[in-house]
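Containing mmCIF, C-alpha atoms: data_36.cif.
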```cif
data_entry
loop_
_atom_site.group_PDB
_atom_site.id
_atom_site.type_symbol
_atom_site.label_atom_id
_atom_site.label_comp_id
_atom_site.auth_asym_id
_atom_site.auth_seq_id
_atom_site.Cartn_x
_atom_site.Cartn_y
_atom_site.Cartn_z
ATOM 1 C CA MET A 181 -22.418 21.430 -10.297
ATOM 2 C CA LYS A 182 -22.854 24.968 -9.025
ATOM 3 C CA ILE A 183 -26.231 26.152 -7.723
ATOM 4 C CA LEU A 184 -27.174 29.834 -7.684
ATOM 5 C CA ARG A 185 -30.308 31.059 -5.924
ATOM 6 C CA ILE A 186 -32.496 33.971 -7.017
ATOM 7 C CA GLN A 187 -34.902 35.470 -4.461
ATOM 8 C CA ASN A 188 -37.960 36.383 -6.517
ATOM 9 C CA SER A 189 -40.261 39.357 -6.009
ATOM 10 C CA VAL A 190 -43.534 37.383 -5.975
ATOM 11 C CA LEU A 191 -44.005 35.835 -2.526
ATOM 12 C CA GLN A 192 -40.207 35.632 -2.184
ATOM 13 C CA SER A 193 -40.140 32.336 -4.051
ATOM 14 C CA SER A 194 -36.811 30.877 -5.132
ATOM 15 C CA THR A 195 -35.432 30.151 -8.575
ATOM 16 C CA TYR A 196 -32.297 28.034 -8.789
ATOM 17 C CA ILE A 197 -29.767 28.167 -11.609
ATOM 18 C CA LEU A 198 -27.847 24.917 -12.088
ATOM 19 C CA GLU A 199 -24.609 25.238 -14.005
ATOM 20 C CA GLN A 200 -21.372 23.410 -14.525
ATOM 21 C CA GLU A 201 -18.110 25.106 -15.430
ATOM 22 C CA ASP A 202 -17.312 22.894 -18.421
ATOM 23 C CA SER A 203 -20.814 23.120 -19.900
ATOM 24 C CA LYS A 204 -22.332 25.749 -22.195
ATOM 25 C CA GLU A 205 -25.796 24.869 -20.868
ATOM 26 C CA PHE A 206 -27.656 25.562 -17.648
ATOM 27 C CA TYR A 207 -30.918 24.520 -16.027
ATOM 28 C CA LEU A 208 -33.496 26.230 -13.845
ATOM 29 C CA VAL A 209 -35.544 24.895 -10.980
ATOM 30 C CA ASP A 210 -38.723 26.991 -11.010
ATOM 31 C CA CYS A 211 -38.808 30.333 -12.805
ATOM 32 C CA GLY A 212 -39.696 33.660 -11.241
ATOM 33 C CA ASP A 213 -38.105 37.039 -11.901
ATOM 34 C CA VAL A 214 -36.854 37.247 -15.468
ATOM 35 C CA GLU A 215 -34.108 39.897 -15.305
ATOM 36 C CA PRO A 216 -31.661 37.960 -13.071
ATOM 37 C CA ILE A 217 -31.991 34.938 -15.371
ATOM 38 C CA LEU A 218 -31.403 36.973 -18.529
ATOM 39 C CA ASP A 219 -28.482 38.724 -16.811
ATOM 40 C CA PHE A 220 -26.992 35.296 -16.093
ATOM 41 C CA VAL A 221 -27.401 34.309 -19.764
ATOM 42 C CA THR A 222 -25.665 37.503 -20.897
ATOM 43 C CA THR A 223 -22.837 37.241 -18.368
ATOM 44 C CA SER A 224 -22.203 33.502 -18.704
ATOM 45 C CA GLY A 225 -22.893 33.025 -22.404
ATOM 46 C CA LYS A 226 -24.679 29.789 -21.529
ATOM 47 C CA ASN A 227 -27.874 28.452 -23.073
ATOM 48 C CA LEU A 228 -30.925 27.361 -21.131
ATOM 49 C CA LYS A 229 -31.315 23.605 -21.605
ATOM 50 C CA GLY A 230 -34.211 22.790 -19.276
ATOM 51 C CA VAL A 231 -36.543 23.979 -16.539
ATOM 52 C CA PHE A 232 -37.758 21.861 -13.632
ATOM 53 C CA ILE A 233 -41.141 22.942 -12.265
ATOM 54 C CA THR A 234 -41.850 21.826 -8.693
ATOM 55 C CA HIS A 235 -45.581 22.606 -9.018
ATOM 56 C CA CYS A 236 -47.867 24.852 -11.049
ATOM 57 C CA HIS A 237 -48.525 27.665 -8.554
ATOM 58 C CA PHE A 238 -47.884 31.091 -10.096
ATOM 59 C CA ASP A 239 -45.007 32.100 -7.815
ATOM 60 C CA HIS A 240 -42.970 29.135 -9.107
ATOM 61 C CA TRP A 241 -43.286 29.771 -12.840
ATOM 62 C CA TYR A 242 -44.499 33.317 -13.596
ATOM 63 C CA GLY A 243 -41.344 34.311 -15.505
ATOM 64 C CA LEU A 244 -41.267 31.189 -17.626
ATOM 65 C CA ASN A 245 -43.083 32.475 -20.725
ATOM 66 C CA LYS A 246 -40.795 35.488 -21.051
ATOM 67 C CA VAL A 247 -37.631 33.460 -20.395
ATOM 68 C CA LEU A 248 -38.697 30.889 -22.991
ATOM 69 C CA SER A 249 -39.492 33.595 -25.556
ATOM 70 C CA GLU A 250 -36.053 35.165 -25.003
ATOM 71 C CA THR A 251 -34.127 31.922 -25.554
ATOM 72 C CA SER A 252 -33.280 30.834 -29.076
ATOM 73 C CA THR A 253 -33.311 27.080 -28.532
ATOM 74 C CA THR A 254 -36.000 24.594 -27.603
ATOM 75 C CA VAL A 255 -36.066 24.160 -23.854
ATOM 76 C CA ASP A 256 -37.126 20.981 -22.072
ATOM 77 C CA LEU A 257 -39.758 21.640 -19.418
ATOM 78 C CA TYR A 258 -39.923 18.997 -16.693
ATOM 79 C CA ALA A 259 -43.047 18.687 -14.549
ATOM 80 C CA SER A 260 -45.763 16.214 -13.670
ATOM 81 C CA HIS A 261 -48.655 15.664 -16.075
ATOM 82 C CA ILE A 262 -50.888 17.262 -13.414
ATOM 83 C CA ALA A 263 -48.677 20.376 -13.377
ATOM 84 C CA PHE A 264 -48.857 20.670 -17.178
ATOM 85 C CA ALA A 265 -52.656 20.741 -16.912
ATOM 86 C CA GLY A 266 -52.456 23.305 -14.091
ATOM 87 C CA LEU A 267 -50.163 25.558 -16.101
ATOM 88 C CA GLN A 268 -53.031 25.877 -18.603
ATOM 89 C CA ASP A 269 -55.669 26.817 -15.990
ATOM 90 C CA ILE A 270 -55.541 30.344 -14.526
ATOM 91 C CA ARG A 271 -57.469 29.298 -11.421
ATOM 92 C CA THR A 272 -55.381 26.213 -10.695
ATOM 93 C CA ASN A 273 -52.074 28.021 -11.278
ATOM 94 C CA PHE A 274 -53.312 31.052 -9.261
ATOM 95 C CA SER A 275 -52.269 33.595 -11.900
ATOM 96 C CA LEU A 276 -55.865 34.848 -11.907
ATOM 97 C CA TYR A 277 -55.441 35.947 -8.285
ATOM 98 C CA HIS A 278 -52.125 37.721 -8.898
ATOM 99 C CA GLY A 279 -53.661 40.125 -11.402
ATOM 100 C CA ASP A 280 -51.749 38.605 -14.299
ATOM 101 C CA PRO A 281 -53.800 35.687 -15.680
ATOM 102 C CA MET A 282 -51.540 33.519 -17.828
ATOM 103 C CA THR A 283 -51.034 30.054 -19.131
ATOM 104 C CA LEU A 284 -47.919 28.331 -20.420
ATOM 105 C CA THR A 285 -46.807 29.215 -23.952
ATOM 106 C CA SER A 286 -45.531 26.594 -26.347
ATOM 107 C CA PHE A 287 -41.833 27.561 -26.474
ATOM 108 C CA CYS A 288 -40.759 24.290 -24.893
ATOM 109 C CA ARG A 289 -40.761 20.524 -25.131
ATOM 110 C CA LYS A 290 -42.898 19.131 -22.325
ATOM 111 C CA VAL A 291 -41.359 16.182 -20.512
ATOM 112 C CA ASP A 292 -43.379 14.204 -17.974
ATOM 113 C CA ALA A 293 -40.783 14.045 -15.206
ATOM 114 C CA GLU A 294 -42.474 11.069 -13.592
ATOM 115 C CA ILE A 295 -42.072 8.910 -16.709
ATOM 116 C CA GLU A 296 -39.050 9.930 -18.787
ATOM 117 C CA PRO A 297 -35.514 9.479 -17.443
ATOM 118 C CA ILE A 298 -33.691 12.771 -16.917
ATOM 119 C CA CYS A 299 -29.966 13.464 -16.815
ATOM 120 C CA VAL A 300 -28.286 16.743 -15.809
ATOM 121 C CA PHE A 301 -24.544 17.187 -16.340
ATOM 122 C CA GLY A 302 -24.099 13.412 -16.400
ATOM 123 C CA ASN A 303 -26.150 12.898 -13.229
ATOM 124 C CA ASN A 304 -29.436 11.009 -13.178
ATOM 125 C CA VAL A 305 -32.263 13.037 -11.698
ATOM 126 C CA CYS A 306 -34.431 11.249 -9.162
ATOM 127 C CA VAL A 307 -37.990 12.573 -9.361
ATOM 128 C CA ILE A 308 -39.948 12.280 -6.122
ATOM 129 C CA PRO A 309 -43.728 12.803 -6.127
ATOM 130 C CA THR A 310 -44.656 14.794 -3.014
ATOM 131 C CA PRO A 311 -48.364 15.632 -3.263
ATOM 132 C CA GLY A 312 -50.135 17.517 -0.510
ATOM 133 C CA HIS A 313 -49.406 21.226 -0.776
ATOM 134 C CA SER A 314 -50.686 20.716 -4.322
ATOM 135 C CA PRO A 315 -51.444 17.423 -6.096
ATOM 136 C CA ASP A 316 -48.756 18.089 -8.736
ATOM 137 C CA CYS A 317 -45.782 18.644 -6.390
ATOM 138 C CA LEU A 318 -42.490 17.028 -7.335
ATOM 139 C CA CYS A 319 -39.071 17.166 -5.725
ATOM 140 C CA TYR A 320 -35.918 16.726 -7.784
ATOM 141 C CA LEU A 321 -32.813 15.033 -6.391
ATOM 142 C CA ILE A 322 -29.567 15.678 -8.261
ATOM 143 C CA ARG A 323 -26.513 14.175 -6.543
ATOM 144 C CA ASP A 324 -26.790 15.512 -2.964
ATOM 145 C CA ALA A 325 -29.077 18.463 -3.801
ATOM 146 C CA ILE A 326 -32.830 18.101 -3.283
ATOM 147 C CA PHE A 327 -35.125 20.785 -4.692
ATOM 148 C CA THR A 328 -38.295 20.635 -2.628
ATOM 149 C CA GLY A 329 -40.527 23.441 -3.904
ATOM 150 C CA ASP A 330 -43.242 23.978 -1.297
ATOM 151 C CA SER A 331 -43.330 20.335 -0.156
ATOM 152 C CA TYR A 332 -40.662 21.097 2.441
ATOM 153 C CA THR A 333 -39.634 24.635 3.359
ATOM 154 C CA PRO A 334 -37.549 24.490 6.557
ATOM 155 C CA ASP A 335 -37.992 28.231 7.277
ATOM 156 C CA PHE A 336 -41.792 28.082 7.146
ATOM 157 C CA PRO A 337 -44.596 25.853 8.393
ATOM 158 C CA LEU A 338 -46.071 23.366 5.964
ATOM 159 C CA PHE A 339 -48.911 24.997 4.003
ATOM 160 C CA TYR A 340 -51.893 22.904 2.940
ATOM 161 C CA LYS A 341 -54.817 25.353 3.018
ATOM 162 C CA TRP A 342 -55.481 25.602 -0.718
ATOM 163 C CA LYS A 343 -58.651 24.063 -2.147
ATOM 164 C CA GLN A 344 -56.593 21.373 -3.920
ATOM 165 C CA SER A 345 -54.321 20.728 -0.930
ATOM 166 C CA ASN A 346 -54.474 17.547 1.094
ATOM 167 C CA LYS A 347 -53.277 17.915 4.683
ATOM 168 C CA GLN A 348 -52.513 14.244 5.253
ATOM 169 C CA LEU A 349 -50.575 13.868 2.008
ATOM 170 C CA ALA A 350 -48.687 17.102 2.709
ATOM 171 C CA ILE A 351 -47.614 15.832 6.131
ATOM 172 C CA GLU A 352 -46.583 12.456 4.686
ATOM 173 C CA SER A 353 -44.616 14.089 1.852
ATOM 174 C CA GLU A 354 -42.808 16.457 4.197
ATOM 175 C CA SER A 355 -41.976 13.585 6.541
ATOM 176 C CA LYS A 356 -40.621 11.535 3.618
ATOM 177 C CA ILE A 357 -38.361 14.399 2.521
ATOM 178 C CA LYS A 358 -37.120 15.065 6.058
ATOM 179 C CA SER A 359 -36.254 11.368 6.470
ATOM 180 C CA MET A 360 -34.388 11.298 3.157
ATOM 181 C CA VAL A 361 -32.430 14.418 4.097
ATOM 182 C CA LYS A 362 -31.553 13.089 7.548
ATOM 183 C CA GLU A 363 -30.530 9.624 6.328
ATOM 184 C CA ASN A 364 -28.505 10.789 3.318
ATOM 185 C CA GLY A 365 -27.249 14.262 4.233
ATOM 186 C CA TYR A 366 -28.912 15.901 1.246
ATOM 187 C CA ILE A 367 -28.751 19.677 0.913
ATOM 188 C CA VAL A 368 -32.248 21.187 0.772
ATOM 189 C CA TYR A 369 -33.096 23.863 -1.790
ATOM 190 C CA PRO A 370 -36.682 24.881 -0.922
ATOM 191 C CA GLY A 371 -39.165 26.985 -2.841
ATOM 192 C CA HIS A 372 -39.077 29.760 -0.211
ATOM 193 C CA VAL A 373 -36.473 30.883 2.299
ATOM 194 C CA LYS A 374 -36.350 33.742 4.792
ATOM 195 C CA ARG A 375 -34.278 36.680 3.600
#
```

Using the file provided, produce a representation of the structure as structure tokens.
Amino acid sequence: MKILRIQNSVLQSSTYILEQEDSKEFYLVDCGDVEPILDFVTTSGKNLKGVFITHCHFDHWYGLNKVLSETSTTVDLYASHIAFAGLQDIRTNFSLYHGDPMTLTSFCRKVDAEIEPICVFGNNVCVIPTPGHSPDCLCYLIRDAIFTGDSYTPDFPLFYKWKQSNKQLAIESESKIKSMVKENGYIVYPGHVKR
């Protein structure tokens, strides 16, 4: 599996493209700037199969509606049931405060990542609830790659100042991720990195 990172324009969040050479499909982890994703589709000829959302904050999904409307197939959207609710609330997803109030469109099949088994390129995806930064935070472990969203961002201090944040849970979630990484040698793909 090859992982490509896109540095997005909104709060320098990260979008990850997951692809495999022998597959005509690819996946996203979070969805920000649209143009690099559509450029990848044009260049690779691959179809978007699914999108993993780490949490519902605007900077981790703002390009999703446009990407979904540009794809010709039904895309699986993986998130927690709490995130799906947040994607429909402009205050909870913070789009109201970015000057672009939006909710999720219906161009996808919603999959509760905490309940349904998920497989990517023949690899089972381990879904790890990591509430704290936001109550809907999930991390996704695929082989030795762990996508941590804002639950663990090594380049930045843990952020838990939002109204829905919980400092204690955020600290516990970050500690859990750090322990997993240390014990297993996982490669961390966070929601934000320094340029």

- [ ] Would you list the contacts of A:Cys211 as a ChimeraX atom specification, taking every protein, DNA or RNA residue within 10 Å and counting only C-alpha atoms, but skipping same-chain residues closer than 6 positions in sequence?
- [x] /A:186,188,193-197,217,231-234,238-247

Open item on the list: So, with only C-alpha atoms as the atoms that count, which of A:Ser353, A:Gln268, A:Thr285, A:Ser275 lies closest to A:Ser249?
Closed with: A:Thr285

Open item on the list: With the PyMOL selection byres ((chain A and resi 318-323) around 7) as the selection, what would be picked from this file? Answer as a list of chain:residue names, please.
Closed with: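 That selection, the PyMOL selection byres ((chain A and resi 318-323) around 7), comes back as A:Thr234, A:His235, A:Asn303, A:Asn304, A:Val305, A:Cys306, A:Val307, A:Ile308, A:Pro309, A:Thr310, A:Asp316, A:Cys317, A:Asp324, A:Ala325, A:Ile326, A:Phe327, A:Thr328, A:Gly329.
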
Sorted per-residue table, stretch 299-335 of chain A near stretch 339-343 of chain A, closest atoms and distance, 12 Å, all atoms listed in the file, as JSON lines:
```
{"residue": "A:Pro311", "atom": "CA", "partner": "A:Tyr340", "partner_atom": "CA", "distance": 10.2}
{"residue": "A:Gly312", "atom": "CA", "partner": "A:Tyr340", "partner_atom": "CA", "distance": 6.6}
{"residue": "A:His313", "atom": "CA", "partner": "A:Tyr340", "partner_atom": "CA", "distance": 4.8}
{"residue": "A:Ser314", "atom": "CA", "partner": "A:Tyr340", "partner_atom": "CA", "distance": 7.7}
{"residue": "A:Pro315", "atom": "CA", "partner": "A:Lys343", "partner_atom": "CA", "distance": 10.6}
{"residue": "A:Cys317", "atom": "CA", "partner": "A:Tyr340", "partner_atom": "CA", "distance": 11.9}
{"residue": "A:Gly329", "atom": "CA", "partner": "A:Phe339", "partner_atom": "CA", "distance": 11.6}
{"residue": "A:Asp330", "atom": "CA", "partner": "A:Phe339", "partner_atom": "CA", "distance": 7.8}
{"residue": "A:Ser331", "atom": "CA", "partner": "A:Phe339", "partner_atom": "CA", "distance": 8.4}
{"residue": "A:Tyr332", "atom": "CA", "partner": "A:Phe339", "partner_atom": "CA", "distance": 9.3}
{"residue": "A:Thr333", "atom": "CA", "partner": "A:Phe339", "partner_atom": "CA", "distance": 9.3}
{"residue": "A:Pro334", "atom": "CA", "partner": "A:Phe339", "partner_atom": "CA", "distance": 11.7}
{"residue": "A:Asp335", "atom": "CA", "partner": "A:Phe339", "partner_atom": "CA", "distance": 11.8}
```

TODO: Apply the PyMOL selection byres ((chain A and resi 286) around 10) to the structure shown and report the selected residues as number ranges by chain.
DONE: A: 245, 248-249, 254, 283-285, 287-290

Open item on the list: Report, in Å with one decimal, the straight-line distance from atom CA of A:Gly266 to atom CA of A:Ile183.
Closed with: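 Going from atom CA of A:Gly266 over to atom CA of A:Ile183 covers 27.1 Å.
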
Open item on the list: Restricting the calculation to all atoms listed in the file: of A:Leu184, A:Ala263, A:Leu191, A:Val255, which residue gets closest to A:Pro216?
Closed with: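 Between A:Leu184, A:Ala263, A:Leu191, A:Val255, the residue approaching A:Pro216 most closely is A:Leu184.
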
Open item on the list: To one decimal place in Å, what is the distance between atom CA of A:Lys229 and atom CA of A:Leu257?
Closed with: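 Going from atom CA of A:Lys229 over to atom CA of A:Leu257 covers 8.9 Å.
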
- [ ] Could you tell me how far atom CA of A:Met181 lies from atom CA of A:Leu198, in Å and to one decimal?
- [x] 6.7 Å

Open item on the list: Given all atoms listed in the file as the basis, pick out the residue of A:Leu218, A:Val368, A:Ala293, A:Leu267 nearest to A:Pro281.
Closed with: A:Leu267

Open item on the list: Since I can't run it myself right now, could you work out what the PyMOL selection byres ((chain A and resi 204) around 6) selects here and report it as a list in words?
Closed with: Ser203, Glu205 and Lys226 of chain A

- [ ] Find the residue from A:Ile357, A:Arg271, A:Arg185, A:Lys362 that sits nearest to A:Gln344; use only C-alpha atoms when measuring.
- [x]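 Using only C-alpha atoms, A:Gln344 sits closest to A:Arg271.
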
To box stretch 196-208 of chain A, take all atoms listed in the file, fit an axis-aligned box, add 5 Å on each side, and give centre and edge lengths in Å to one decimal, as AutoDock Vina command-line options.
```
--center_x -25.4 --center_y 25.5 --center_z -15.5 --size_x 26.2 --size_y 15.3 --size_z 23.4
```

Task: Residue nearest A:Val291 - candidates A:Gly230, A:Gly212, A:Pro337, A:Gly371, atoms counted: only C-alpha atoms - done: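 Checking each of A:Gly230, A:Gly212, A:Pro337, A:Gly371 against A:Val291, counting only C-alpha atoms, the winner is A:Gly230.
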